[in-house]
file my_file-v7.cif (mmCIF, C-alpha atoms and all ligand atoms)
data_work
#
loop_
_atom_site.label_atom_id
_atom_site.label_comp_id
_atom_site.auth_asym_id
_atom_site.auth_seq_id
_atom_site.Cartn_x
_atom_site.Cartn_y
_atom_site.Cartn_z
CA MET A 1 179.29 121.65 85.63
CA THR A 2 181.59 123.95 87.61
CA PRO A 3 181.07 123.67 91.36
CA SER A 4 179.39 126.62 93.09
CA PRO A 5 181.85 128.88 94.90
CA GLU A 6 181.84 128.49 98.66
CA GLY A 7 179.32 130.75 100.35
CA LEU A 8 177.18 131.24 97.24
CA SER A 9 174.01 129.97 98.90
CA SER A 10 174.38 132.52 101.73
CA ARG A 11 174.70 135.31 99.13
CA ARG A 12 171.66 134.04 97.30
CA ALA A 13 169.78 134.08 100.59
CA ALA A 14 171.03 137.61 101.33
CA LEU A 15 169.68 138.73 97.97
CA GLN A 16 166.28 137.30 98.89
CA LEU A 17 166.38 139.03 102.27
CA LEU A 18 167.06 142.38 100.64
CA ASP A 19 164.20 141.85 98.23
CA ALA A 20 161.87 140.93 101.10
CA VAL A 21 162.79 144.09 102.99
CA LEU A 22 163.00 146.63 100.19
CA ARG A 23 160.21 145.42 97.94
CA ARG A 24 157.85 143.63 100.32
CA GLY A 25 158.39 145.66 103.50
CA GLN A 26 159.27 142.69 105.71
CA THR A 27 161.66 142.81 108.68
CA LEU A 28 165.02 141.10 108.25
CA ASP A 29 164.29 138.74 111.12
CA SER A 30 160.95 137.59 109.76
CA ALA A 31 162.33 137.18 106.22
CA ALA A 32 165.27 135.21 107.64
CA GLN A 33 162.93 132.52 108.97
CA LYS A 34 162.80 131.16 105.41
CA VAL A 35 166.60 130.91 105.13
CA SER A 36 168.27 127.61 106.02
CA LEU A 37 170.00 127.65 109.39
CA PRO A 38 173.57 127.23 108.05
CA ASP A 39 173.14 130.15 105.61
CA ARG A 40 171.31 132.42 108.01
CA PRO A 41 174.10 134.19 109.97
CA LEU A 42 176.11 135.23 106.90
CA ALA A 43 173.00 136.12 104.89
CA LEU A 44 171.76 138.33 107.74
CA ALA A 45 175.17 139.95 108.16
CA ILE A 46 175.45 140.76 104.44
CA ALA A 47 171.89 142.07 104.14
CA GLY A 48 172.24 144.08 107.36
CA GLU A 49 175.52 145.71 106.30
CA THR A 50 174.09 146.45 102.86
CA LEU A 51 171.11 148.25 104.39
CA ARG A 52 173.35 150.13 106.82
CA ARG A 53 175.26 151.81 103.97
CA LEU A 54 172.74 151.66 101.11
CA PRO A 55 172.79 155.34 99.99
CA ASP A 56 176.61 155.39 100.07
CA LEU A 57 176.90 152.10 98.21
CA ASP A 58 174.49 153.41 95.58
CA ALA A 59 176.50 156.62 95.21
CA ALA A 60 179.65 154.56 94.61
CA ILE A 61 177.87 152.39 92.02
CA ASP A 62 176.32 155.40 90.28
CA GLY A 63 179.72 157.05 90.14
CA VAL A 64 181.03 154.43 87.73
CA THR A 65 178.02 153.44 85.62
CA ARG A 66 177.31 155.34 82.44
CA GLN A 67 173.59 154.72 82.64
CA ARG A 68 172.00 154.69 86.10
CA LEU A 69 170.87 151.21 87.07
CA PRO A 70 167.23 151.14 88.17
CA ASP A 71 166.81 150.95 91.97
CA ASP A 72 165.23 147.52 91.74
CA ALA A 73 167.68 146.05 89.20
CA LYS A 74 169.16 142.75 90.29
CA ALA A 75 172.58 143.98 89.15
CA ARG A 76 172.34 146.88 91.61
CA ALA A 77 171.34 144.54 94.43
CA VAL A 78 174.25 142.20 93.72
CA LEU A 79 176.71 145.10 93.52
CA ARG A 80 175.42 146.61 96.76
CA MET A 81 175.92 143.30 98.53
CA ALA A 82 179.38 142.69 97.15
CA LEU A 83 180.56 146.18 98.11
CA ALA A 84 179.04 145.90 101.60
CA GLN A 85 181.07 142.74 102.11
CA LYS A 86 184.17 144.68 101.12
CA VAL A 87 183.64 147.63 103.45
CA ALA A 88 182.10 145.93 106.47
CA LEU A 89 182.90 142.23 106.47
CA ASN A 90 186.49 142.09 105.22
CA VAL A 91 185.65 139.54 102.52
CA PRO A 92 188.60 139.18 100.09
CA ASP A 93 188.04 140.64 96.64
CA HIS A 94 188.29 137.31 94.82
CA ALA A 95 185.64 135.77 97.08
CA LEU A 96 183.17 138.59 96.70
CA VAL A 97 183.57 138.63 92.92
CA ALA A 98 183.28 134.83 92.73
CA THR A 99 180.04 134.87 94.74
CA ALA A 100 178.56 137.91 92.98
CA LEU A 101 178.83 136.87 89.35
CA PRO A 102 176.78 133.63 89.55
CA LEU A 103 173.90 135.69 90.99
CA VAL A 104 173.57 137.55 87.68
CA GLU A 105 174.16 134.50 85.47
CA GLY A 106 172.26 134.93 82.23
CA GLY A 107 172.00 138.68 82.94
CA PRO A 108 174.32 141.70 83.10
CA ARG A 109 177.31 139.69 84.28
CA ARG A 110 179.83 141.76 82.34
CA LEU A 111 178.45 144.99 83.70
CA VAL A 112 178.63 143.72 87.29
CA HIS A 113 182.13 142.40 86.74
CA GLY A 114 183.21 145.71 85.24
CA VAL A 115 181.74 147.88 88.01
CA LEU A 116 183.16 145.68 90.74
CA GLY A 117 186.59 145.59 89.08
CA THR A 118 186.68 149.39 88.75
CA LEU A 119 185.57 150.05 92.32
CA LEU A 120 187.83 147.44 93.86
CA ARG A 121 190.84 148.73 91.91
CA ARG A 122 190.18 152.32 92.93
CA GLY A 123 189.65 151.46 96.57
CA LEU A 124 186.28 152.05 98.14
CA ASP A 125 186.01 154.89 100.65
CA LEU A 126 182.45 155.47 101.81
CA GLY A 127 183.38 158.06 104.44
CA LYS A 128 183.02 158.06 108.21
CA GLU A 129 179.37 159.05 108.34
CA ALA A 130 176.74 156.91 106.68
CA ARG A 131 174.08 158.77 104.76
CA LEU A 132 170.56 157.75 105.75
CA PRO A 133 167.81 157.41 103.14
CA PRO A 134 167.10 160.97 101.89
CA GLU A 135 163.44 160.93 102.98
CA VAL A 136 164.44 159.88 106.52
CA GLU A 137 167.08 162.61 106.68
CA ALA A 138 164.54 165.18 105.51
CA ARG A 139 161.91 164.02 108.02
CA TRP A 140 164.29 163.84 111.00
CA THR A 141 165.94 167.16 110.13
CA GLY A 142 162.45 168.66 110.23
CA HIS A 143 161.62 166.99 113.56
CA TRP A 144 164.91 167.12 115.44
CA GLY A 145 167.42 169.24 113.51
CA GLU A 146 170.65 168.65 111.68
CA GLU A 147 172.76 167.77 114.72
CA VAL A 148 170.53 164.83 115.56
CA VAL A 149 170.68 163.61 111.96
CA ALA A 150 174.48 163.87 112.03
CA ALA A 151 174.48 161.83 115.27
CA ALA A 152 172.22 159.23 113.64
CA ARG A 153 174.63 159.02 110.69
CA ARG A 154 177.46 158.29 113.10
CA ALA A 155 175.36 155.91 115.17
CA ILE A 156 174.41 153.63 112.28
CA MET A 157 178.13 153.03 111.64
CA ARG A 158 178.89 151.82 115.16
CA ARG A 159 178.02 148.45 116.67
CA PRO A 160 175.75 149.27 119.59
CA PRO A 161 176.90 148.10 123.02
CA LEU A 162 175.15 145.26 124.83
CA ASP A 163 172.75 146.44 127.55
CA LEU A 164 171.55 144.08 130.25
CA SER A 165 168.70 144.58 132.72
CA PHE A 166 168.92 142.80 136.05
CA ALA A 167 166.07 141.42 138.12
CA ASP A 168 168.02 142.19 141.29
CA PRO A 169 169.63 145.65 141.18
CA GLY A 170 172.05 144.45 143.86
CA GLN A 171 173.59 141.96 141.43
CA ALA A 172 174.18 144.48 138.65
CA ALA A 173 177.04 146.36 140.32
CA GLY A 174 179.03 143.19 141.01
CA PHE A 175 178.45 141.93 137.47
CA ALA A 176 179.58 145.27 135.99
CA ALA A 177 182.78 145.20 138.06
CA GLU A 178 183.49 141.58 137.17
CA GLN A 179 182.81 141.94 133.44
CA GLY A 180 184.27 145.42 132.89
CA GLY A 181 180.85 146.92 132.20
CA GLU A 182 179.41 150.30 133.11
CA GLN A 183 176.20 151.10 134.97
CA LEU A 184 174.19 153.94 133.50
CA ALA A 185 171.13 153.28 135.70
CA SER A 186 170.16 151.00 138.54
CA ALA A 187 169.68 147.35 137.58
CA HIS A 188 171.58 148.07 134.33
CA VAL A 189 174.95 147.01 132.93
CA ARG A 190 176.44 148.08 129.60
CA LEU A 191 179.11 145.94 127.97
CA HIS A 192 181.28 147.14 125.10
CA GLY A 193 183.42 145.35 122.56
CA GLY A 194 181.00 143.06 120.78
CA ARG A 195 180.41 140.71 123.74
CA SER A 196 178.10 137.84 122.96
CA VAL A 197 175.31 136.85 125.28
CA ALA A 198 176.19 133.18 125.20
CA GLU A 199 179.66 133.77 126.65
CA LEU A 200 178.41 135.75 129.65
CA PRO A 201 178.00 134.12 133.04
CA GLY A 202 174.53 133.63 134.40
CA PHE A 203 172.42 133.61 131.21
CA GLY A 204 170.83 130.26 131.93
CA GLY A 205 170.45 131.32 135.55
CA GLY A 206 168.08 134.09 134.54
CA GLY A 207 169.36 136.98 136.62
CA TRP A 208 169.41 139.31 133.63
CA TRP A 209 168.10 139.81 130.09
CA VAL A 210 169.13 141.87 127.06
CA GLN A 211 167.36 145.24 126.84
CA ASP A 212 168.53 148.56 125.44
CA LEU A 213 168.83 151.19 128.17
CA ALA A 214 166.20 153.39 126.48
CA ALA A 215 163.79 150.44 126.32
CA SER A 216 164.17 150.00 130.07
CA LEU A 217 163.00 153.55 130.85
CA PRO A 218 159.20 153.17 130.43
CA ALA A 219 158.84 150.49 133.13
CA ARG A 220 161.02 152.55 135.49
CA LEU A 221 158.33 155.27 135.42
CA ILE A 222 155.53 153.03 136.72
CA PRO A 223 154.85 154.25 140.29
CA PRO A 224 156.38 151.83 142.83
CA ALA A 225 153.11 151.89 144.81
CA ALA A 226 151.01 150.61 141.87
CA ARG A 227 149.92 147.07 142.77
CA GLU A 228 147.99 145.77 139.76
CA VAL A 229 149.83 146.67 136.55
CA LEU A 230 148.72 145.87 133.01
CA ASP A 231 151.43 145.50 130.36
CA LEU A 232 149.25 145.93 127.31
CA CYS A 233 151.52 145.09 124.37
CA ALA A 234 153.86 142.93 126.34
CA ALA A 235 155.73 140.39 124.21
CA PRO A 236 158.52 139.33 124.19
CA GLY A 237 158.46 140.66 127.72
CA GLY A 238 161.47 142.84 128.53
CA LYS A 239 159.24 145.32 130.30
CA THR A 240 157.04 142.63 131.87
CA MET A 241 160.14 141.19 133.52
CA GLN A 242 161.16 144.60 134.84
CA LEU A 243 157.68 145.13 136.28
CA ALA A 244 157.53 141.68 137.85
CA ALA A 245 161.04 142.10 139.27
CA ALA A 246 159.96 145.43 140.81
CA GLY A 247 157.24 143.55 142.73
CA HIS A 248 154.10 144.57 140.81
CA ALA A 249 151.30 142.08 140.17
CA VAL A 250 151.57 142.04 136.38
CA THR A 251 149.06 141.09 133.72
CA ALA A 252 150.92 140.75 130.41
CA LEU A 253 148.72 140.89 127.32
CA ASP A 254 149.71 140.53 123.69
CA ARG A 255 147.84 139.73 120.50
CA SER A 256 150.52 137.41 119.14
CA GLU A 257 150.42 133.91 120.61
CA SER A 258 153.88 133.06 119.29
CA ARG A 259 155.41 136.19 120.79
CA LEU A 260 153.55 135.50 124.02
CA ARG A 261 155.18 132.05 124.11
CA ARG A 262 158.56 133.80 124.01
CA LEU A 263 157.38 135.99 126.88
CA SER A 264 156.43 132.88 128.91
CA ASP A 265 159.83 131.32 128.13
CA ASN A 266 161.51 134.50 129.32
CA LEU A 267 159.50 134.47 132.54
CA ALA A 268 160.36 130.80 133.09
CA ARG A 269 164.05 131.47 132.50
CA THR A 270 164.14 134.40 134.91
CA GLY A 271 161.84 132.82 137.50
CA LEU A 272 159.58 135.88 137.40
CA ALA A 273 155.77 135.73 137.50
CA ALA A 274 153.03 137.41 135.47
CA THR A 275 149.56 136.47 134.30
CA THR A 276 149.70 136.12 130.51
CA LEU A 277 146.82 136.75 128.14
CA ALA A 278 146.56 136.35 124.37
CA ALA A 279 144.06 138.97 123.25
CA ASP A 280 143.55 142.02 121.07
CA ALA A 281 144.17 144.99 123.34
CA LEU A 282 141.53 147.00 121.50
CA GLU A 283 138.85 144.50 122.41
CA TRP A 284 139.93 143.31 125.80
CA SER A 285 138.31 144.64 128.95
CA GLY A 286 139.32 144.06 132.56
CA GLY A 287 140.75 145.86 135.53
CA PRO A 288 140.65 148.62 136.58
CA PHE A 289 144.42 148.69 137.02
CA ASP A 290 146.56 150.96 139.16
CA ALA A 291 148.88 151.44 136.19
CA VAL A 292 149.04 150.50 132.52
CA LEU A 293 152.18 150.28 130.40
CA LEU A 294 151.38 150.74 126.72
CA ASP A 295 154.51 149.94 124.68
CA ALA A 296 152.67 150.32 121.42
CA PRO A 297 153.48 148.69 118.07
CA CYS A 298 155.24 151.29 115.93
CA SER A 299 157.52 151.93 112.97
CA ALA A 300 160.46 151.07 115.30
CA THR A 301 162.66 153.67 113.61
CA GLY A 302 164.42 154.22 116.95
CA THR A 303 166.03 150.79 116.60
CA PHE A 304 167.81 151.64 113.34
CA ARG A 305 171.26 150.85 114.76
CA ARG A 306 170.43 147.16 115.21
CA HIS A 307 167.72 146.97 112.54
CA PRO A 308 168.74 149.26 109.66
CA GLU A 309 165.84 147.97 107.56
CA VAL A 310 163.39 150.04 109.64
CA LEU A 311 164.61 153.10 107.75
CA TYR A 312 163.27 151.59 104.52
CA ARG A 313 160.10 150.02 105.90
CA ALA A 314 158.87 153.19 107.66
CA ARG A 315 157.18 154.81 104.71
CA PRO A 316 154.73 157.67 105.41
CA GLN A 317 151.75 155.34 105.05
CA ILE A 318 153.17 152.84 107.57
CA ILE A 319 153.80 155.66 110.04
CA ALA A 320 150.29 157.04 109.55
CA GLU A 321 148.71 153.62 110.06
CA ALA A 322 150.78 152.98 113.18
CA ALA A 323 149.85 156.41 114.57
CA ALA A 324 146.14 155.74 114.03
CA LEU A 325 146.42 152.39 115.86
CA GLN A 326 148.42 154.00 118.68
CA ARG A 327 145.67 156.59 119.25
CA ARG A 328 143.05 153.87 119.46
CA LEU A 329 145.20 151.77 121.81
CA LEU A 330 145.84 154.78 124.05
CA ALA A 331 142.14 155.66 124.25
CA HIS A 332 141.26 152.06 125.09
CA ALA A 333 144.08 151.74 127.62
CA ALA A 334 142.86 154.86 129.44
CA GLY A 335 139.56 153.09 130.08
CA LEU A 336 141.36 150.21 131.82
CA LEU A 337 142.84 152.51 134.50
CA ARG A 338 141.31 153.31 137.85
CA PRO A 339 140.74 157.04 138.43
CA GLY A 340 144.08 158.48 139.49
CA GLY A 341 145.92 155.59 137.82
CA THR A 342 149.07 156.09 135.74
CA LEU A 343 149.52 155.23 132.08
CA ILE A 344 152.98 155.07 130.54
CA TYR A 345 152.86 155.45 126.77
CA ALA A 346 156.03 154.41 124.92
CA VAL A 347 157.18 153.78 121.35
CA CYS A 348 160.66 152.92 120.00
CA SER A 349 160.07 155.41 117.22
CA LEU A 350 161.80 158.60 116.12
CA GLU A 351 158.64 159.89 114.45
CA ARG A 352 156.73 162.82 116.01
CA ASP A 353 153.49 161.41 114.64
CA GLU A 354 153.89 158.30 116.82
CA GLY A 355 155.01 160.15 119.94
CA GLU A 356 154.29 163.79 120.71
CA ALA A 357 151.32 163.94 118.33
CA VAL A 358 149.69 160.86 119.89
CA ILE A 359 149.70 162.21 123.44
CA GLU A 360 148.57 165.64 122.29
CA ALA A 361 145.35 163.85 121.37
CA ALA A 362 145.17 161.84 124.61
CA GLY A 363 141.68 163.03 125.62
CA ASP A 364 141.08 163.20 129.37
CA LEU A 365 144.50 161.98 130.39
CA ARG A 366 146.71 164.54 132.11
CA LEU A 367 150.48 164.65 131.54
CA HIS A 368 152.51 164.02 134.69
CA PRO A 369 155.90 165.50 133.78
CA VAL A 370 158.96 163.30 134.17
CA GLU A 371 161.71 164.82 136.33
CA ALA A 372 165.39 164.78 135.35
CA ALA A 373 166.19 162.83 138.54
CA GLU A 374 164.02 159.94 137.30
CA LEU A 375 166.22 159.43 134.24
CA PRO A 376 169.83 158.34 133.73
CA ALA A 377 172.36 161.19 133.44
CA GLY A 378 172.60 162.16 129.78
CA ILE A 379 168.90 161.69 129.04
CA ALA A 380 166.92 164.79 130.00
CA PRO A 381 163.14 165.18 129.88
CA ALA A 382 161.86 167.34 127.02
CA PRO A 383 160.55 170.81 127.98
CA GLY A 384 157.01 169.47 127.48
CA GLY A 385 157.48 166.96 130.32
CA TRP A 386 157.76 163.79 128.24
CA VAL A 387 160.95 161.89 127.38
CA ARG A 388 162.28 162.03 123.82
CA VAL A 389 165.38 159.88 123.49
CA LEU A 390 167.35 160.94 120.41
CA PRO A 391 170.49 159.91 118.53
CA GLY A 392 173.43 161.74 120.10
CA MET A 393 172.30 161.13 123.67
CA LEU A 394 174.90 159.19 125.67
CA GLU A 395 176.94 158.99 122.45
CA GLU A 396 180.24 158.86 124.32
CA HIS A 397 178.92 155.76 126.13
CA GLY A 398 177.79 154.04 122.93
CA GLY A 399 174.39 155.71 122.44
CA VAL A 400 170.82 154.50 122.97
CA ASP A 401 167.83 153.53 120.86
CA GLY A 402 165.41 156.31 119.93
CA PHE A 403 162.28 156.33 122.09
CA PHE A 404 159.29 158.42 123.11
CA ILE A 405 157.87 158.02 126.62
CA ALA A 406 155.09 159.96 128.34
CA ARG A 407 153.55 159.54 131.79
CA LEU A 408 149.84 160.26 131.84
CA VAL A 409 147.35 160.18 134.69
CA ARG A 410 143.63 159.49 134.59
CA PRO A 411 141.98 162.33 136.52
CA GLY A 412 139.53 161.82 139.36
CA ALA A 413 141.29 159.94 142.19
C1 LIG B 501 156.88 147.13 120.73
S1 LIG B 501 156.34 145.49 120.83
C2 LIG B 501 156.30 145.21 122.56
C3 LIG B 501 157.62 144.95 123.22
C4 LIG B 501 157.47 144.58 124.69
N1 LIG B 501 156.73 145.55 125.43
C5 LIG B 501 158.80 144.33 125.37
O1 LIG B 501 159.27 145.18 126.11
O2 LIG B 501 159.37 143.24 125.17
C6 LIG B 501 154.64 145.65 120.44
C7 LIG B 501 153.80 144.42 120.70
O3 LIG B 501 152.44 144.79 120.46
C8 LIG B 501 151.73 143.64 120.04
N2 LIG B 501 150.47 144.12 119.45
C9 LIG B 501 150.27 144.76 118.28
N3 LIG B 501 148.95 145.06 118.13
C10 LIG B 501 148.31 144.59 119.24
C11 LIG B 501 146.96 144.58 119.67
N4 LIG B 501 145.98 145.12 118.92
N5 LIG B 501 146.67 144.00 120.85
C12 LIG B 501 147.65 143.42 121.60
N6 LIG B 501 148.94 143.41 121.24
C13 LIG B 501 149.28 143.99 120.08
C14 LIG B 501 152.70 142.97 119.10
O4 LIG B 501 152.40 141.58 118.98
C15 LIG B 501 154.04 143.22 119.79
O5 LIG B 501 154.42 142.13 120.58
#

call {"tool": "encode", "arguments": {"input": "my_file-v7.cif", "output": "structure tokens", "more": "lines below"}}
Ligand SMILES: C[S@@+](CC[C@H](N)C(=O)[O-])C[C@H]1O[C@@H](n2cnc3c(N)ncnc32)[C@H](O)[C@@H]1O
result
Amino acid sequence: MTPSPEGLSSRRAALQLLDAVLRRGQTLDSAAQKVSLPDRPLALAIAGETLRRLPDLDAAIDGVTRQRLPDDAKARAVLRMALAQKVALNVPDHALVATALPLVEGGPRRLVHGVLGTLLRRGLDLGKEARLPPEVEARWTGHWGEEVVAAARRAIMRRPPLDLSFADPGQAAGFAAEQGGEQLASAHVRLHGGRSVAELPGFGGGGWWVQDLAASLPARLIPPAAREVLDLCAAPGGKTMQLAAAGHAVTALDRSESRLRRLSDNLARTGLAATTLAADALEWSGGPFDAVLLDAPCSATGTFRRHPEVLYRARPQIIAEAAALQRRLLAHAAGLLRPGGTLIYAVCSLERDEGEAVIEAAGDLRLHPVEAAELPAGIAPAPGGWVRVLPGMLEEHGGVDGFFIARLVRPGA
């Protein structure tokens, strides 16, 4: 028996990850739980890079095959992965061929060998802008226009910077100066150049946590005077920590016990305090609270830079189901507020149906427009008074995740 080429098991795992995402609609992270620890980093990198450039990789493959390979053909999956390793991971040609062919053993090995040989000989140029899946491009062009889609195409090609939120805003400035970071908001530091969390000073000490700048905006809009604050879909707790650090008395509720354990670990690490509750937000009653933060479960399409698989998972039915749940969560959350209390509704989604359309149906709640001065420079409120964070915003600083945020008030104080 010939020995397996080095790295074959990681490629096999990557193939399974792609299948889990594209055929079964799983997230990469959840599918990766089944991959052995030694294989996991490379398998995730290969699957992630493949998803990042999928339409362009397919175009290259289709350009040299006489008969179009079906979308779900194993040969196509293996070719996509091999080519992604070429363009994004600098894997030498001999290694990517040697690890691709055993994956189609007993199948179209000659075809895969032929296509790879042709493309590698010609040189693979996928262009500077990645095409997004056609249905996503059509939907986002309809929602936000061509310029935003062009910005999203550029954004998916770049490694996003590392954003940190600080418990003590006073510490952020010193950290930024020391580490060569930039501050785009108070209590925030952005680091460029692929810095890893483990190498940064103070992680164990708990003064800061990783949080995209856009994801830090909802908690910033909770009124400072609100005492009792409910964080309704709280885990893993980025926003809970912001609220606790700002001095609110926080109740952090989430349906998932395992995610809530991560929230408790995060609180322990940062030395911040919140009451935690494992419950279904739709069934839970309590309060009334001075403010509620509803960071609702969503398609997460705004996180496509770090999680390119969201572009494939967010099919129309998934978006419609999420939107229906978001409306129910918003209606229930409104009932947990005292009259005059503030509700911040947020989703890390680039879909109108999960943002603007949800608050248009917000019943008695009144929109309290967000002012430009409440947001970092480069992110302006939408004319309607809510915040729609889009690809292209802060692009020269490394961009931000897509988000929708609205501040609503329960009438009758
Ligand atoms: C977008 S994530 C929250 C992220 C979190 N706010 C943060 O900043 O770290 C959505 C959360 O909603 C929770 N969730 C989904 N449906 C829920 C429900 N019916 N009741 C309570 N939590 C729910 C999920 O477990 C998930 O942790």

call {"tool": "closest_atom_pairs", "arguments": {"input": "my_file-v7.cif", "of": "chain A", "to": "ligand LIG 501 (chain B)", "cutoff": "7 Å", "atoms": "only C-alpha atoms and all ligand atoms", "output": "JSON lines"}}
result
{"residue": "A:Ala215", "atom": "CA", "partner": "B:LIG501", "partner_atom": "O1", "distance": 6.9}
{"residue": "A:Leu232", "atom": "CA", "partner": "B:LIG501", "partner_atom": "C12", "distance": 6.4}
{"residue": "A:Cys233", "atom": "CA", "partner": "B:LIG501", "partner_atom": "O3", "distance": 4.0}
{"residue": "A:Ala234", "atom": "CA", "partner": "B:LIG501", "partner_atom": "N1", "distance": 4.0}
{"residue": "A:Ala235", "atom": "CA", "partner": "B:LIG501", "partner_atom": "O5", "distance": 4.2}
{"residue": "A:Pro236", "atom": "CA", "partner": "B:LIG501", "partner_atom": "O2", "distance": 4.1}
{"residue": "A:Gly237", "atom": "CA", "partner": "B:LIG501", "partner_atom": "O2", "distance": 3.7}
{"residue": "A:Gly238", "atom": "CA", "partner": "B:LIG501", "partner_atom": "O2", "distance": 4.0}
{"residue": "A:Lys239", "atom": "CA", "partner": "B:LIG501", "partner_atom": "O1", "distance": 4.2}
{"residue": "A:Thr240", "atom": "CA", "partner": "B:LIG501", "partner_atom": "O1", "distance": 6.7}
{"residue": "A:Leu253", "atom": "CA", "partner": "B:LIG501", "partner_atom": "C12", "distance": 6.3}
{"residue": "A:Asp254", "atom": "CA", "partner": "B:LIG501", "partner_atom": "N6", "distance": 3.9}
{"residue": "A:Arg255", "atom": "CA", "partner": "B:LIG501", "partner_atom": "C12", "distance": 3.9}
{"residue": "A:Ser256", "atom": "CA", "partner": "B:LIG501", "partner_atom": "O4", "distance": 4.6}
{"residue": "A:Arg259", "atom": "CA", "partner": "B:LIG501", "partner_atom": "O5", "distance": 6.0}
{"residue": "A:Ala279", "atom": "CA", "partner": "B:LIG501", "partner_atom": "C12", "distance": 6.0}
{"residue": "A:Asp280", "atom": "CA", "partner": "B:LIG501", "partner_atom": "N5", "distance": 3.7}
{"residue": "A:Ala281", "atom": "CA", "partner": "B:LIG501", "partner_atom": "N5", "distance": 3.7}
{"residue": "A:Leu282", "atom": "CA", "partner": "B:LIG501", "partner_atom": "N4", "distance": 5.5}
{"residue": "A:Asp295", "atom": "CA", "partner": "B:LIG501", "partner_atom": "N1", "distance": 5.0}
{"residue": "A:Ala296", "atom": "CA", "partner": "B:LIG501", "partner_atom": "C6", "distance": 5.2}
{"residue": "A:Pro297", "atom": "CA", "partner": "B:LIG501", "partner_atom": "C6", "distance": 4.0}
{"residue": "A:Cys298", "atom": "CA", "partner": "B:LIG501", "partner_atom": "C1", "distance": 6.6}
{"residue": "A:Val347", "atom": "CA", "partner": "B:LIG501", "partner_atom": "C1", "distance": 6.7}
{"residue": "A:Cys348", "atom": "CA", "partner": "B:LIG501", "partner_atom": "C1", "distance": 7.0}

call {"tool": "closest_residue", "arguments": {"input": "my_file-v7.cif", "among": "A:Val370, A:Ala249, A:Met241, A:Leu260", "to": "Arg227 of chain A", "atoms": "all atoms listed in the file"}}
result
A:Ala249

call {"tool": "residues_around", "arguments": {"input": "my_file-v7.cif", "residues": "Val210 of chain A", "least_positions_apart": "6", "cutoff": "9 Å", "atoms": "all atoms listed in the file", "output": "CSV table (one decimal) with C-alpha atoms, in the coordinates of the input"}}
result
chain,number,residue,atom,x,y,z
A,162,LEU,CA,175.2,145.3,124.8
A,163,ASP,CA,172.8,146.4,127.6
A,164,LEU,CA,171.6,144.1,130.2
A,165,SER,CA,168.7,144.6,132.7
A,197,VAL,CA,175.3,136.8,125.3
A,238,GLY,CA,161.5,142.8,128.5

call {"tool": "residues_near_point", "arguments": {"input": "my_file-v7.cif", "point": "(177.4, 135.6, 88.2)", "cutoff": "12 Å", "atoms": "all atoms listed in the file", "output": "PyMOL selection string"}}
result
chain A and resi 4-5+8+11-12+74-75+78-79+82+96-113+116

call {"tool": "closest_residue", "arguments": {"input": "my_file-v7.cif", "among": "A:Leu243, A:Thr270, A:Leu390, A:Leu330", "to": "Pro218 of chain A", "atoms": "all atoms listed in the file"}}
result
A:Leu243

call {"tool": "residues_around", "arguments": {"input": "my_file-v7.cif", "residues": "Asp168 of chain A", "least_positions_apart": "4", "cutoff": "12 Å", "atoms": "all atoms listed in the file", "output": "PyMOL selection string"}}
result
chain A and resi 164+172-175+186-189+206-209+241-247+270-272

call {"tool": "residues_around", "arguments": {"input": "my_file-v7.cif", "residues": "Ser299 of chain A", "least_positions_apart": "6", "cutoff": "10 Å", "atoms": "all atoms listed in the file", "output": "PyMOL selection string"}}
result
chain A and resi 310-311+313-316+318-323+347-351+354

call {"tool": "atom_distance", "arguments": {"input": "my_file-v7.cif", "atom1": "atom CA of Gly287 of chain A", "atom2": "atom CA of Arg338 of chain A"}}
result
7.8 Å

call {"tool": "atom_distance", "arguments": {"input": "my_file-v7.cif", "atom1": "atom CA of Gly114 of chain A", "atom2": "atom CA of Gly7 of chain A"}}
result
21.6 Å

call {"tool": "closest_residue", "arguments": {"input": "my_file-v7.cif", "among": "A:Ile344, A:Asp353, A:Arg52, A:Phe304", "to": "Leu325 of chain A", "atoms": "only C-alpha atoms"}}
result
A:Asp353

call {"tool": "closest_residue", "arguments": {"input": "my_file-v7.cif", "among": "A:Gln16, A:Ser216, A:Ser10, A:Gln67", "to": "Val389 of chain A", "atoms": "only C-alpha atoms"}}
result
A:Ser216

call {"tool": "atom_distance", "arguments": {"input": "my_file-v7.cif", "atom1": "atom CA of Pro161 of chain A", "atom2": "atom CA of Pro92 of chain A"}}
result
27.2 Å

call {"tool": "residues_around", "arguments": {"input": "my_file-v7.cif", "residues": "Asp231 of chain A", "least_positions_apart": "4", "cutoff": "6 Å", "atoms": "only C-alpha atoms", "output": "PyMOL selection string"}}
result
chain A and resi 252+292-293

call {"tool": "closest_residue", "arguments": {"input": "my_file-v7.cif", "among": "A:Gly117, A:Tyr312, A:Ala20, A:Arg80", "to": "Pro133 of chain A", "atoms": "all atoms listed in the file"}}
result
A:Tyr312

call {"tool": "residues_around", "arguments": {"input": "my_file-v7.cif", "residues": "Ala130 of chain A", "least_positions_apart": "4", "cutoff": "10 Å", "atoms": "only C-alpha atoms", "output": "list in words"}}
result
Arg52, Arg53, Leu54, Pro55, Asp56, Leu57, Leu126, Ala150, Ala152, Arg153, Arg154, Ala155, Ile156 and Met157 of chain A

call {"tool": "closest_residue", "arguments": {"input": "my_file-v7.cif", "among": "A:Thr141, A:Gln85, A:Ser196, A:Thr275", "to": "Ala43 of chain A", "atoms": "only C-alpha atoms"}}
result
A:Gln85
